[in-house]
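Student: One structure is given below, represented as structure tokens, and several questions about it will come after.
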Amino acid sequence: MINKINLFSEYINNPITREALISISGYCEKCGKNRVEVVLELFTGVRKNACWKCKLAEKMATPVLKKGAETFDISVDALKEKFKDAYWRKGLASVIKGLALFGVRKPFVPGAPFQLVWDITYGCNLKCKHCYATAGKPLPDELTTEEALDVIDKLDKFGITILAFSGGEPLVRKDIFELTNYASEKGMYVAIATNGTLITEDMAKRMKENGVSYVQISLDGMKKTHEEFRGMSGVFDKTVEGIRNSVKEGFFVNVSMTVTKFNYNDVDPVIDLCEKLGVSWFMHYNFIPTGRGGTVLGRELDITPEMREKLLNKLYEKNKTSNISILSTAPQFARIVMERDAEYVPTHFYNVGVRGLADFIGGCGAGRFYISLRANGDIQPCVFFPLKIGNIREDDLEKLWKESNILRELRDRDILERCGTCEYRYYCGGCRARAYNCFGDYLMPDPGCILNCGNKEVCYDITH
């Protein structure tokens, strides 16, 4: 497999191939889509006709598609069947555009982020201790409905595959379903990240009717722990009911748990509950000391690197027997799994079964596989990473994606302090948001990694 990937890299990085891919990677006004998407629709038979430029682009792209299928031992017919789904077409279009713009590199950079997380409002019905957004009341300059619809048009042209509405609590925004429906009609895979307390049976149906496919619900412990953390009694039962209603309605349901010293011992019972509820994923969220969680009290919640190591090993063991997928946003999870010689390598999005691919797509995806928008349109590398690189009202997101020096540095694992010389840097590379929030420098080491312990300047400790 490694040899095939090397041959594919040589083929793609050839200047003639790159130039051909660049020429077909723009947006086609006549066909109303990114030209690569139109190419894939023609290639798979979903579309029967297109403008002459898109037809020519299909002829130019077909050899690349066939070469890619050969590299990963996939038949062309199987490839066509897979990419009849609009979600996968958008994702592959972003891959092809990324190959055109950036070539085959480690880590790989797509032509547009696979996922954009949009804090659509900072209004919220809860007040959680660890909230990265310090949510509660909406900002005075949050995007209007008209502005938000215009942003969705821009994201569609850019090539965003997954659009996740977060907050605050996105379900308190009155126009949320107008926005989710509009994004879904554009072919984006629409997700909502919510505290779950507002998801009644009727709300779940409305979400389904308005284009939502994926629901992430935060559950930070069993009843006593969750309610102390969320700052309100009675919310545990509402959250669990929200999970049940989402599963019943047929959503892909991900239960997320931000693990801290406060709820560390609740991980096992929460996973057990998730298995009983029939969710699709349990995801451990790495605590990031930012927002309300960036106060001294919040930072004291952070687990030690030793605790994180035990937790990730536990998650690895549970993954072998659980009836749900267990993931983690801690990039060190990839190292843990590789040290255990597993057949897969975990990433933020899924568990990669081909190790030769993992060093291309693994590790922190901030400014690479995902990016974020604040409610006022500020653009950040991720929601936990409060570093403004532009504003959607004023800046061209695609231009930032290609030219931002901040994003360029985040994509270069070799220039990181300490992490840049680690043998696992392409699989892990540390969490850049943790480095930024702890040291004010995203190129510093991740202080949550056990490999950085023993170095007082790197190992994060609130007492020094």
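Residues are referred to by chain and number: the chain letter is A, B, ... according to the order shown in the structure tokens, the number counts from 1 in that chain, and ligands are numbered separately from 1 in the order shown.
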Excluding segment 229-234 of chain A and any residue of its chain fewer than 6 positions from it, enumerate the residues within 7 Å of it, using only C-alpha atoms, and give them as number ranges by chain.
Tutor: A: 126-129
Student: Taking only C-alpha atoms into account, name the residue in A:Ile12, A:Gly168, A:Lys59, A:Asn49 that is nearest to Ala100 of chain A.
Tutor: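 Nearest candidate to Ala100 of chain A out of A:Ile12, A:Gly168, A:Lys59, A:Asn49: A:Ile12.
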Student: At a cut-off of 10 Å, using only C-alpha atoms, what residues contact Leu155 of chain A? Leave out same-chain residues fewer than 6 positions from it and give the result as a PyMOL selection string.
Tutor: chain A and resi 112-113+116+149+161-163+183+186+188+392+397-398
Student: Would you mind writing down, as a ChimeraX atom specification, each residue of segment 109-303 of chain A that DSSP on the backbone assigns to strand (DSSP E or B)?
Tutor: /A:115-121,123,136,162-167,189-194,212-218,252-258,281-285
